[in-house]
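Here's data_21.csv, which has CSV, C-alpha atoms:
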chain,number,residue,atom,x,y,z
A,1,MET,CA,16.8,14.3,180.3
A,2,TYR,CA,17.9,10.7,180.3
A,3,GLN,CA,14.2,9.8,180.5
A,4,LEU,CA,13.7,11.3,177.0
A,5,PHE,CA,16.4,9.2,175.6
A,6,PHE,CA,15.1,5.9,177.0
A,7,ARG,CA,11.5,6.7,176.1
A,8,PHE,CA,12.6,7.4,172.6
A,9,THR,CA,14.4,4.0,172.5
A,10,TRP,CA,11.4,2.2,173.9
A,11,VAL,CA,9.0,3.7,171.4
A,12,ILE,CA,11.3,2.6,168.5
A,13,VAL,CA,11.5,-0.9,169.8
A,14,LEU,CA,7.7,-1.2,170.1
A,15,PHE,CA,7.3,0.2,166.6
A,16,VAL,CA,9.6,-2.4,165.1
A,17,GLY,CA,8.0,-5.3,167.0
A,18,THR,CA,4.6,-4.2,165.6
A,19,LEU,CA,6.0,-3.8,162.1
A,20,LEU,CA,7.5,-7.2,162.0
A,21,HIS,CA,4.5,-9.1,163.4
A,22,GLY,CA,3.2,-11.5,160.7
A,23,GLN,CA,5.7,-10.5,158.0
A,24,SER,CA,7.4,-13.2,156.0
A,25,VAL,CA,11.0,-12.0,155.3
A,26,ARG,CA,14.5,-13.3,154.6
A,27,LYS,CA,16.9,-13.7,157.5
A,28,TYR,CA,19.8,-12.2,155.6
A,29,SER,CA,19.5,-9.5,153.0
A,30,ASN,CA,21.8,-6.6,151.9
A,31,GLU,CA,24.5,-8.0,154.1
A,32,PHE,CA,27.1,-5.8,152.5
A,33,MET,CA,25.6,-2.9,154.3
A,34,ASN,CA,26.7,-4.4,157.6
A,35,LEU,CA,30.4,-4.6,156.9
A,36,GLY,CA,31.2,-1.3,158.5
A,37,VAL,CA,33.3,1.7,157.5
A,38,ASP,CA,36.2,3.7,158.8
A,39,ALA,CA,39.3,1.9,160.2
A,40,ALA,CA,39.1,3.9,163.4
A,41,ALA,CA,35.6,2.4,164.2
A,42,LEU,CA,36.6,-1.1,163.0
A,43,GLY,CA,39.6,-1.0,165.3
A,44,MET,CA,37.2,-0.5,168.2
A,45,ALA,CA,35.1,-3.5,167.1
A,46,GLN,CA,32.4,-1.1,165.8
A,47,ALA,CA,31.4,-0.1,169.3
A,48,VAL,CA,30.9,3.5,168.2
A,49,THR,CA,27.1,4.1,168.2
A,50,ALA,CA,27.3,6.5,171.1
A,51,SER,CA,30.7,8.2,170.3
A,52,THR,CA,30.8,8.6,166.5
A,53,ASP,CA,31.2,12.3,165.8
A,54,ASP,CA,32.7,12.9,162.3
A,55,VAL,CA,31.8,12.4,158.7
A,56,ASN,CA,31.5,8.7,159.1
A,57,ALA,CA,28.7,9.1,161.6
A,58,GLY,CA,26.4,9.1,158.5
A,59,TYR,CA,27.0,5.3,158.6
A,60,TRP,CA,27.2,4.6,162.4
A,61,ASN,CA,24.7,7.0,163.8
A,62,PRO,CA,23.7,10.1,161.8
A,63,ALA,CA,23.0,12.1,165.0
A,64,GLY,CA,26.8,12.3,165.4
A,65,LEU,CA,27.1,14.6,162.4
A,66,LEU,CA,26.0,17.5,164.6
A,67,TYR,CA,29.5,17.5,166.2
A,68,LEU,CA,31.0,18.7,162.9
A,69,GLU,CA,32.4,22.2,163.0
A,70,HIS,CA,33.4,22.2,159.3
A,71,SER,CA,33.1,20.1,156.2
A,72,GLN,CA,34.8,16.7,156.1
A,73,ALA,CA,35.4,13.9,153.5
A,74,SER,CA,36.5,10.3,154.0
A,75,ALA,CA,37.4,7.3,151.9
A,76,MET,CA,38.2,3.6,152.6
A,77,HIS,CA,39.2,0.6,150.5
A,78,ALA,CA,39.3,-3.0,151.7
A,79,SER,CA,39.8,-6.4,150.0
A,80,TYR,CA,37.9,-9.5,151.0
A,81,PHE,CA,38.4,-13.2,150.5
A,82,ALA,CA,42.1,-13.1,149.3
A,83,ASN,CA,41.4,-10.0,147.1
A,84,ILE,CA,38.5,-11.7,145.3
A,85,ALA,CA,36.0,-9.0,146.5
A,86,GLN,CA,36.6,-5.3,146.7
A,87,TYR,CA,34.9,-2.9,149.1
A,88,ASP,CA,35.1,0.9,148.5
A,89,TYR,CA,33.5,3.7,150.5
A,90,ILE,CA,33.5,7.6,150.2
A,91,ALA,CA,31.6,10.1,152.2
A,92,TYR,CA,31.1,13.9,152.7
A,93,ALA,CA,29.4,15.8,155.5
A,94,THR,CA,29.0,19.4,156.5
A,95,PRO,CA,27.2,21.5,159.1
A,96,VAL,CA,24.4,23.7,157.7
A,97,ASP,CA,23.9,25.8,160.8
A,98,GLU,CA,24.1,25.4,164.6
A,99,ARG,CA,21.2,23.0,164.6
A,100,THR,CA,21.5,21.0,161.4
A,101,SER,CA,24.1,18.9,159.5
A,102,TRP,CA,23.9,16.7,156.5
A,103,GLY,CA,26.0,14.2,154.7
A,104,ALA,CA,26.2,11.7,151.8
A,105,SER,CA,28.1,8.5,151.3
A,106,LEU,CA,28.5,5.9,148.6
A,107,MET,CA,29.7,2.3,149.0
A,108,ARG,CA,30.4,-0.5,146.6
A,109,PHE,CA,31.0,-4.2,147.3
A,110,GLY,CA,31.8,-6.1,144.1
A,111,VAL,CA,33.4,-9.2,142.6
A,112,ASP,CA,34.6,-8.8,139.1
A,113,ASP,CA,35.6,-11.1,136.3
A,114,ILE,CA,33.5,-14.1,137.4
A,115,LEU,CA,33.7,-16.9,134.9
A,116,ASN,CA,30.4,-17.9,133.3
A,117,THR,CA,30.7,-21.5,132.4
A,118,THR,CA,27.0,-22.3,131.8
A,119,GLN,CA,27.7,-22.5,128.0
A,120,LEU,CA,31.0,-24.4,128.3
A,121,ILE,CA,29.5,-27.5,126.7
A,122,ASP,CA,27.7,-27.1,123.4
A,123,SER,CA,24.6,-28.9,122.2
A,124,GLN,CA,26.7,-31.8,120.9
A,125,GLY,CA,28.5,-32.4,124.2
A,126,ASN,CA,31.7,-30.8,123.1
A,127,VAL,CA,33.8,-28.6,125.6
A,128,ASP,CA,34.4,-25.2,124.0
A,129,TYR,CA,36.3,-22.7,126.1
A,130,ASN,CA,35.5,-20.0,123.6
A,131,ARG,CA,31.9,-20.1,125.0
A,132,VAL,CA,33.2,-19.1,128.5
A,133,SER,CA,32.4,-15.5,129.3
A,134,LYS,CA,32.9,-13.2,132.3
A,135,PHE,CA,30.6,-11.1,134.4
A,136,SER,CA,30.6,-9.0,137.5
A,137,THR,CA,28.4,-8.8,140.6
A,138,ALA,CA,28.2,-5.5,142.5
A,139,ASP,CA,26.2,-4.0,145.3
A,140,TYR,CA,25.9,-0.2,145.6
A,141,ALA,CA,24.4,2.0,148.4
A,142,LEU,CA,23.9,5.7,148.3
A,143,THR,CA,23.0,7.1,151.8
A,144,LEU,CA,21.8,10.7,152.4
A,145,SER,CA,21.9,11.8,156.1
A,146,LEU,CA,20.2,14.6,157.9
A,147,ALA,CA,20.8,15.4,161.6
A,148,ARG,CA,19.1,17.9,163.9
A,149,LYS,CA,19.4,19.2,167.4
A,150,THR,CA,16.3,19.3,169.6
A,151,GLU,CA,15.2,21.9,172.2
A,152,VAL,CA,16.9,19.6,174.7
A,153,LYS,CA,20.5,20.7,174.4
A,154,GLU,CA,22.1,17.2,175.1
A,155,PHE,CA,19.7,15.3,172.8
A,156,ARG,CA,20.2,15.0,169.0
A,157,TYR,CA,18.8,12.8,166.3
A,158,GLY,CA,19.4,11.9,162.7
A,159,VAL,CA,17.8,10.1,159.7
A,160,ASN,CA,19.3,8.2,156.8
A,161,ALA,CA,17.6,7.6,153.4
A,162,LYS,CA,19.2,4.8,151.5
A,163,ILE,CA,19.0,3.9,147.8
A,164,ILE,CA,20.4,0.4,147.0
A,165,ARG,CA,21.4,-0.9,143.6
A,166,ARG,CA,22.4,-4.6,143.1
A,167,ILE,CA,23.7,-6.1,139.9
A,168,ILE,CA,24.4,-9.7,139.0
A,169,GLY,CA,25.9,-9.5,135.5
A,170,LYS,CA,23.2,-9.8,132.9
A,171,PHE,CA,21.1,-12.2,135.1
A,172,ALA,CA,19.4,-9.8,137.5
A,173,THR,CA,19.3,-6.3,138.9
A,174,SER,CA,17.4,-4.7,141.8
A,175,TRP,CA,16.6,-1.4,143.4
A,176,GLY,CA,16.0,-1.0,147.1
A,177,PHE,CA,14.9,1.8,149.4
A,178,GLY,CA,15.1,2.1,153.2
A,179,PHE,CA,15.6,4.4,156.2
A,180,ASP,CA,17.7,4.4,159.4
A,181,VAL,CA,17.1,6.5,162.4
A,182,GLY,CA,19.5,7.3,165.2
A,183,CYS,CA,19.9,9.5,168.3
A,184,GLN,CA,22.5,10.5,170.8
A,185,TRP,CA,22.3,11.9,174.3
A,186,GLU,CA,25.3,13.4,176.1
A,187,ARG,CA,25.8,13.9,179.8
A,188,LYS,CA,29.2,15.3,180.9
A,189,GLU,CA,31.8,12.7,180.0
A,190,TRP,CA,29.1,10.1,179.1
A,191,LYS,CA,27.4,9.6,175.8
A,192,PHE,CA,24.5,7.3,174.9
A,193,GLY,CA,23.4,6.2,171.4
A,194,LEU,CA,20.7,4.4,169.7
A,195,MET,CA,20.8,3.3,166.0
A,196,LEU,CA,18.0,1.5,164.3
A,197,ARG,CA,18.9,0.3,160.8
A,198,ASP,CA,16.2,-0.3,158.2
A,199,VAL,CA,13.6,1.0,160.6
A,200,THR,CA,10.7,0.5,158.2
A,201,THR,CA,12.4,-2.6,156.7
A,202,THR,CA,14.3,-2.1,153.4
A,203,TYR,CA,12.5,-3.3,150.3
A,204,ASN,CA,14.4,-4.6,147.3
A,205,VAL,CA,12.6,-5.3,144.0
A,206,TRP,CA,14.5,-7.6,141.5
A,207,ASN,CA,14.3,-7.6,137.7
A,208,ILE,CA,15.3,-11.0,136.5
A,209,ASN,CA,16.4,-11.5,132.8
A,210,GLU,CA,14.4,-14.6,132.0
A,211,GLU,CA,16.3,-15.3,128.8
A,212,GLU,CA,19.6,-15.4,130.7
A,213,PHE,CA,18.0,-17.4,133.5
A,214,LYS,CA,17.1,-20.1,131.0
A,215,THR,CA,20.8,-20.7,130.3
A,216,VAL,CA,21.3,-21.4,134.0
A,217,GLN,CA,18.2,-23.6,134.1
A,218,ASN,CA,19.6,-25.8,131.4
A,219,ALA,CA,23.1,-26.0,132.7
A,220,ILE,CA,22.4,-28.6,135.4
A,221,PRO,CA,19.4,-31.0,135.0
A,222,ASP,CA,16.7,-30.5,137.6
A,223,GLN,CA,18.5,-27.6,139.2
A,224,ASN,CA,17.5,-24.0,139.4
A,225,GLN,CA,14.2,-24.7,137.7
A,226,GLU,CA,12.2,-21.9,139.4
A,227,LEU,CA,12.7,-18.2,139.1
A,228,PRO,CA,14.0,-16.6,142.4
A,229,GLU,CA,11.7,-14.4,144.4
A,230,LYS,CA,11.5,-10.9,143.0
A,231,THR,CA,11.0,-9.1,146.3
A,232,GLU,CA,13.4,-9.0,149.2
A,233,ILE,CA,12.8,-7.4,152.7
A,234,THR,CA,15.7,-6.5,155.0
A,235,LEU,CA,14.7,-6.7,158.7
A,236,PRO,CA,15.6,-3.9,161.1
A,237,LYS,CA,18.6,-4.1,163.4
A,238,ILE,CA,19.0,-2.2,166.6
A,239,GLN,CA,22.3,-1.0,168.2
A,240,LEU,CA,22.5,0.5,171.7
A,241,GLY,CA,25.8,2.1,172.8
A,242,VAL,CA,27.4,4.0,175.7
A,243,SER,CA,30.8,5.6,175.9
A,244,ARG,CA,32.9,7.6,178.3
A,245,TYR,CA,35.7,10.0,177.6
A,246,HIS,CA,38.4,10.8,180.2
A,247,GLU,CA,41.4,13.2,180.0
A,248,PHE,CA,44.3,12.3,182.2
A,249,ASP,CA,46.0,15.7,181.5
A,250,ARG,CA,46.4,17.9,178.5
A,251,GLU,CA,48.2,15.3,176.5
A,252,TYR,CA,46.6,11.9,177.3
A,253,SER,CA,43.0,10.8,177.0
A,254,LEU,CA,41.1,7.5,177.0
A,255,LYS,CA,37.7,6.7,175.4
A,256,VAL,CA,35.9,3.5,176.3
A,257,ALA,CA,32.8,2.3,174.5
A,258,PHE,CA,30.3,-0.5,174.8
A,259,ASN,CA,27.6,-1.6,172.3
A,260,VAL,CA,24.8,-4.2,172.2
A,261,ASN,CA,24.0,-5.1,168.6
A,262,GLY,CA,20.6,-6.8,168.1
A,263,GLN,CA,18.7,-8.4,165.3
A,264,PHE,CA,15.0,-9.4,165.3
A,265,TYR,CA,15.5,-13.0,164.5
A,266,ARG,CA,17.4,-16.1,165.7
A,267,THR,CA,21.2,-16.2,164.8
A,268,ASN,CA,24.3,-17.7,166.4
A,269,ASP,CA,24.8,-14.5,168.5
A,270,TRP,CA,25.8,-15.0,172.1
A,271,ILE,CA,22.3,-14.0,173.2
A,272,SER,CA,19.8,-15.7,171.0
A,273,SER,CA,16.1,-16.5,171.1
A,274,GLN,CA,13.4,-17.2,168.6
A,275,HIS,CA,12.6,-13.5,167.9
A,276,PHE,CA,15.7,-11.6,169.0
A,277,SER,CA,19.5,-12.1,169.0
A,278,ALA,CA,22.2,-9.8,170.3
A,279,THR,CA,26.0,-9.7,170.7
A,280,PRO,CA,28.1,-7.2,172.7
A,281,ALA,CA,31.1,-5.2,171.5
A,282,LEU,CA,33.7,-3.4,173.6
A,283,GLY,CA,36.2,-0.8,172.3
A,284,ALA,CA,38.8,1.5,173.6
A,285,GLU,CA,40.9,4.4,172.1
A,286,PHE,CA,43.9,5.9,173.8
A,287,ALA,CA,45.1,9.2,172.4
A,288,TYR,CA,48.2,11.3,172.8
A,289,THR,CA,47.8,15.0,172.1
A,290,GLU,CA,44.9,14.1,169.8
A,291,MET,CA,47.5,13.3,167.1
A,292,VAL,CA,48.4,9.6,167.8
A,293,PHE,CA,45.7,7.0,168.6
A,294,ALA,CA,45.9,3.4,169.7
A,295,ARG,CA,42.7,1.3,169.6
A,296,ALA,CA,41.5,-2.2,170.6
A,297,GLY,CA,38.2,-3.9,170.5
A,298,LEU,CA,36.3,-7.2,171.1
A,299,GLY,CA,33.1,-8.0,169.2
A,300,ASN,CA,31.1,-10.5,167.2
A,301,PHE,CA,30.5,-12.9,170.1
A,302,GLN,CA,29.1,-16.1,168.5
A,303,ASN,CA,28.1,-19.5,169.6
A,304,VAL,CA,30.4,-21.6,167.4
A,305,LEU,CA,29.3,-25.2,166.5
A,306,GLN,CA,32.2,-27.7,167.1
A,307,PRO,CA,32.7,-30.9,165.1
A,308,ASP,CA,31.6,-33.0,168.1
A,309,GLY,CA,28.2,-31.2,168.2
A,310,SER,CA,29.0,-29.0,171.2
A,311,THR,CA,29.2,-25.2,171.0
A,312,SER,CA,31.8,-22.8,172.2
A,313,LEU,CA,32.0,-19.0,172.5
A,314,GLY,CA,33.9,-17.3,169.7
A,315,MET,CA,34.8,-13.7,169.4
A,316,GLN,CA,36.6,-11.2,167.1
A,317,PRO,CA,39.5,-9.1,168.5
A,318,ASN,CA,40.6,-6.0,166.6
A,319,LEU,CA,43.5,-3.6,166.9
A,320,GLY,CA,44.1,-0.2,165.3
A,321,LEU,CA,46.3,2.9,165.0
A,322,GLY,CA,45.6,6.4,163.9
A,323,PHE,CA,47.5,9.6,163.0
A,324,TYR,CA,46.2,13.1,162.7
A,325,TYR,CA,48.1,16.0,161.3
A,326,ARG,CA,46.9,19.3,159.9
A,327,GLY,CA,43.5,18.2,158.9
A,328,PHE,CA,44.5,14.7,157.6
A,329,LYS,CA,43.7,11.6,159.6
A,330,LEU,CA,45.0,8.2,158.5
A,331,ASP,CA,43.7,5.2,160.3
A,332,TYR,CA,44.6,1.5,160.2
A,333,ALA,CA,42.8,-1.5,161.6
A,334,ILE,CA,43.7,-5.2,161.7
A,335,THR,CA,40.6,-7.2,162.4
A,336,ASN,CA,39.6,-10.8,163.2
A,337,ILE,CA,42.9,-11.5,164.9
A,338,GLY,CA,43.4,-15.1,165.9
A,339,ASP,CA,41.2,-16.5,163.1
A,340,ALA,CA,42.9,-15.2,160.0
A,341,THR,CA,42.1,-18.3,157.9
A,342,ASN,CA,38.4,-17.4,158.1
A,343,ALA,CA,38.7,-13.7,158.2
A,344,LEU,CA,36.3,-11.7,156.0
A,345,TYR,CA,39.0,-9.0,156.0
A,346,SER,CA,42.2,-8.3,157.9
A,347,ASN,CA,44.0,-5.0,157.0
A,348,ILE,CA,41.9,-1.9,156.7
A,349,PHE,CA,43.1,1.7,155.8
A,350,SER,CA,40.9,4.8,155.8
A,351,LEU,CA,41.5,8.5,155.3
A,352,ARG,CA,39.6,11.5,156.7
A,353,VAL,CA,40.2,15.0,155.5
A,354,ASP,CA,39.1,18.2,157.2
A,355,LEU,CA,38.3,20.4,154.2
A,356,ASN,CA,38.9,23.6,156.0
A,357,ALA,CA,42.6,22.6,155.9
A,358,PHE,CA,42.6,24.0,152.4
A,359,ASP,CA,41.2,27.4,153.3
Write-out of the structure in structure tokens:
Amino acid sequence: MYQLFFRFTWVIVLFVGTLLHGQSVRKYSNEFMNLGVDAAALGMAQAVTASTDDVNAGYWNPAGLLYLEHSQASAMHASYFANIAQYDYIAYATPVDERTSWGASLMRFGVDDILNTTQLIDSQGNVDYNRVSKFSTADYALTLSLARKTEVKEFRYGVNAKIIRRIIGKFATSWGFGFDVGCQWERKEWKFGLMLRDVTTTYNVWNINEEEFKTVQNAIPDQNQELPEKTEITLPKIQLGVSRYHEFDREYSLKVAFNVNGQFYRTNDWISSQHFSATPALGAEFAYTEMVFARAGLGNFQNVLQPDGSTSLGMQPNLGLGFYYRGFKLDYAITNIGDATNALYSNIFSLRVDLNAFD
């Protein structure tokens, strides 16, 4: 049965390579979709493609929704860049029958109360602070997930349909649409996972307010004179994972997981070529009576450019804790330890609720 899993993986990779051939796309697009959700997964450096098995699987690998035995909901809030940006996430998932599960999630990444100083100086050259206004920029994503079991008992797959809404004050708005596909294969204590994000590429179409754009054009001479592109394509990303679960006795257990996260263009990832880049991630979770959890992870291995022109290998260590009691699971993660001055985020809290706890 493992042949089925790897054949499926190979077909997907060939499909993506054919799809991307000859396309002109941006290297970075819809990056807020890559931040991750759930403090439990972030504490393990996001190495959960193979092992994800709760409501948050809609984000990490929708095939994992088939492990649900009842409805679940989750929520997360995080602050970025010294509380300048806010990141919020909510999700719901439920089994339909023994072979099908579905879920939905909504995320928002936004920066509010940005000062618009393009009109600070009037036509006579006078500084007038009454002409300063505020605006917000926000990115939204609604994801609908569907997971199905196959005739092969150990093999399951899932699909995400994503609707993306991006707003930059009165200046521009966009709609985007895309799909993810994922699968998992289980063999005793071992699990394998494949997740392909934006499998057909995700396509954003921008609507630019040309009247507002003129105020930016005139703010700085000879700057921002051309309208930005009105279409934006997000390239696929591939994630391969493996995990193993081991029980020491009835009270103690250990889960170890490994991911390879790849992108179909050159980046500063540890493994990098002209058409493909990849970085590994390693995570572990130690559990006591399935009520108390301790986690650790290493990920985001990057070739960091030094001031003298040389490069060194950088990485992101993470730690986490979790508590589960009567259907409520509270998780905490501290991320990017050792480089707090440049951390995108540091302290993450998330809550998962088993809705049957209210029955």
Quiz item: Looking at all atoms listed in the file, which of A:Asn356, A:Thr202, A:Asn261, A:Ser253 is the one that sits closest to Glu290 in chain A?
Solution: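 Selected residue with least distance to Glu290 in chain A: A:Ser253.
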Quiz item: Just how far from CA of Gly182 in chain A is CA of Leu298 in chain A, in Å to one decimal?
Solution: 23.0 Å
Exercise. For the point (29.8, -20.1, 172.3) in the file's frame, write as a VMD selection string all residues with an atom no more than 12 Å away, counting all atoms listed in the file.
Key: chain A and resid 268 to 272 279 300 to 306 309 to 315
Quiz item: A:Ser74, A:Thr173, A:Asn34, A:Gln184: which is nearest Ala50 in chain A, counting all atoms listed in the file?
Solution: A:Gln184
Residues of range 25-51 of chain A at most 12 Å from range 106-117 of chain A: nearest atom pair and distance in Å, all atoms listed in the file, as a Markdown table:
| residue | atom | partner | partner_atom | distance |
| --- | --- | --- | --- | --- |
| A:Asn30 | CA | A:Phe109 | CA | 10.6 |
| A:Glu31 | CA | A:Phe109 | CA | 10.1 |
| A:Phe32 | CA | A:Phe109 | CA | 6.7 |
| A:Met33 | CA | A:Met107 | CA | 8.5 |
| A:Asn34 | CA | A:Phe109 | CA | 11.2 |
| A:Leu35 | CA | A:Phe109 | CA | 9.6 |
| A:Gly36 | CA | A:Met107 | CA | 10.3 |
| A:Val37 | CA | A:Met107 | CA | 9.3 |
| A:Asp38 | CA | A:Met107 | CA | 11.8 |
Quiz item: What gap, in Å, lies between CA of Leu240 in chain A and CA of Val260 in chain A?
Solution: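 Taking CA of Leu240 in chain A and CA of Val260 in chain A, their separation equals 5.3 Å.
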Would you kindly return, as a short mmCIF file (atom, residue, chain, number, x, y, z; two decimals) with C-alpha atoms, keeping the file's coordinate frame, each protein, DNA or RNA residue with an atom no farther than 6 Å from any atom of range 41-44 of chain A, considering all atoms listed in the file and excluding same-chain residues fewer than 5 positions away?
data_model
loop_
_atom_site.label_atom_id
_atom_site.label_comp_id
_atom_site.auth_asym_id
_atom_site.auth_seq_id
_atom_site.Cartn_x
_atom_site.Cartn_y
_atom_site.Cartn_z
CA GLY A 283 36.20 -0.80 172.30
CA ALA A 284 38.80 1.50 173.60
CA ARG A 295 42.70 1.30 169.60
CA ALA A 296 41.50 -2.20 170.60
CA GLY A 297 38.20 -3.90 170.50
CA ASN A 318 40.60 -6.00 166.60
CA LEU A 319 43.50 -3.60 166.90
CA GLY A 320 44.10 -0.20 165.30
CA ALA A 333 42.80 -1.50 161.60
#
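Taking all atoms listed in the file into account, the polymer residues that have an atom no farther than 10 Å from (46.7, 17.7, 163.2) are Thr289, Glu290, Met291, Val292, Phe323, Tyr324, Tyr325, Arg326, Gly327, Phe328, Lys329, Asp354 and Ala357 of chain A.
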Identify, on the basis of all atoms listed in the file, every residue whose closest approach to Asn207 in chain A does not exceed 9 Å; exclude the query and any residue fewer than 4 positions from it along the same chain; express the result as a PDB file with C-alpha atoms, in the coordinates of the input.
ATOM      1  CA  PHE A 171      21.100 -12.200 135.100  1.00  0.00           C
ATOM      2  CA  ALA A 172      19.400  -9.800 137.500  1.00  0.00           C
ATOM      3  CA  THR A 173      19.300  -6.300 138.900  1.00  0.00           C
ATOM      4  CA  SER A 174      17.400  -4.700 141.800  1.00  0.00           C
ATOM      5  CA  TRP A 175      16.600  -1.400 143.400  1.00  0.00           C
ATOM      6  CA  LYS A 230      11.500 -10.900 143.000  1.00  0.00           C
TER       7      LYS A 230
END
Residues near Ile238 in chain A, anyone? I mean within 6 Å using all atoms listed in the file, not counting same-chain ones fewer than 2 positions away, as an mmCIF file with C-alpha atoms, in the frame of the given file.
data_model
loop_
_atom_site.group_PDB
_atom_site.id
_atom_site.type_symbol
_atom_site.label_atom_id
_atom_site.label_comp_id
_atom_site.auth_asym_id
_atom_site.auth_seq_id
_atom_site.Cartn_x
_atom_site.Cartn_y
_atom_site.Cartn_z
ATOM 1 C CA MET A 195 20.800 3.300 166.000
ATOM 2 C CA LEU A 196 18.000 1.500 164.300
ATOM 3 C CA GLY A 262 20.600 -6.800 168.100
#
Exercise. Mind giving me the straight-line distance from CA of Arg197 in chain A to CA of Ile90 in chain A in Å, one decimal?
Key: 19.5 Å
Self-check item: Counting all atoms listed in the file, the option among A:Pro62, A:Gly176, A:Gly299, A:Gly169 closest to Ile208 in chain A
Solution: A:Gly169
Exercise. For Thr267 in chain A, please output as a PyMOL selection string all residues within 9 Å (counting only C-alpha atoms; exclusion window: fewer than 4 positions along the same chain).
Key: chain A and resi 27+263+271-274+276-278+302
Any chance you could build range 266-277 of chain A out to N, CA, C and O atoms and write it as a short mmCIF file (atom, residue, chain, number, x, y, z; two decimals), in the coordinates of the input?
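Written file, rebuild_13.cif:
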data_model
loop_
_atom_site.label_atom_id
_atom_site.label_comp_id
_atom_site.auth_asym_id
_atom_site.auth_seq_id
_atom_site.Cartn_x
_atom_site.Cartn_y
_atom_site.Cartn_z
N ARG A 266 16.47 -15.18 165.03
CA ARG A 266 17.40 -16.10 165.70
C ARG A 266 18.71 -16.15 164.83
O ARG A 266 18.66 -16.36 163.61
N THR A 267 19.87 -16.00 165.47
CA THR A 267 21.20 -16.20 164.80
C THR A 267 22.05 -16.97 165.80
O THR A 267 21.58 -17.49 166.82
N ASN A 268 23.34 -17.03 165.48
CA ASN A 268 24.30 -17.70 166.40
C ASN A 268 24.91 -16.69 167.38
O ASN A 268 25.92 -17.01 168.01
N ASP A 269 24.32 -15.50 167.50
CA ASP A 269 24.80 -14.50 168.50
C ASP A 269 24.82 -15.10 169.87
O ASP A 269 24.05 -16.01 170.19
N TRP A 270 25.68 -14.54 170.71
CA TRP A 270 25.80 -15.00 172.10
C TRP A 270 24.50 -15.06 172.82
O TRP A 270 24.17 -16.03 173.52
N ILE A 271 23.69 -14.02 172.64
CA ILE A 271 22.30 -14.00 173.20
C ILE A 271 21.38 -14.27 172.07
O ILE A 271 21.34 -13.52 171.09
N SER A 272 20.61 -15.34 172.18
CA SER A 272 19.80 -15.70 171.00
C SER A 272 18.47 -16.35 171.51
O SER A 272 18.44 -17.18 172.42
N SER A 273 17.37 -15.89 170.89
CA SER A 273 16.10 -16.50 171.10
C SER A 273 15.34 -16.55 169.79
O SER A 273 15.89 -16.18 168.75
N GLN A 274 14.10 -16.98 169.81
CA GLN A 274 13.40 -17.20 168.60
C GLN A 274 13.16 -15.88 167.80
O GLN A 274 13.22 -15.85 166.57
N HIS A 275 12.94 -14.78 168.53
CA HIS A 275 12.60 -13.50 167.90
C HIS A 275 13.62 -12.43 168.03
O HIS A 275 13.46 -11.35 167.46
N PHE A 276 14.70 -12.68 168.79
CA PHE A 276 15.70 -11.60 169.00
C PHE A 276 17.03 -12.24 169.32
O PHE A 276 17.12 -13.21 170.08
N SER A 277 18.09 -11.66 168.74
CA SER A 277 19.50 -12.10 169.00
C SER A 277 20.32 -10.85 169.21
O SER A 277 20.06 -9.80 168.63
#
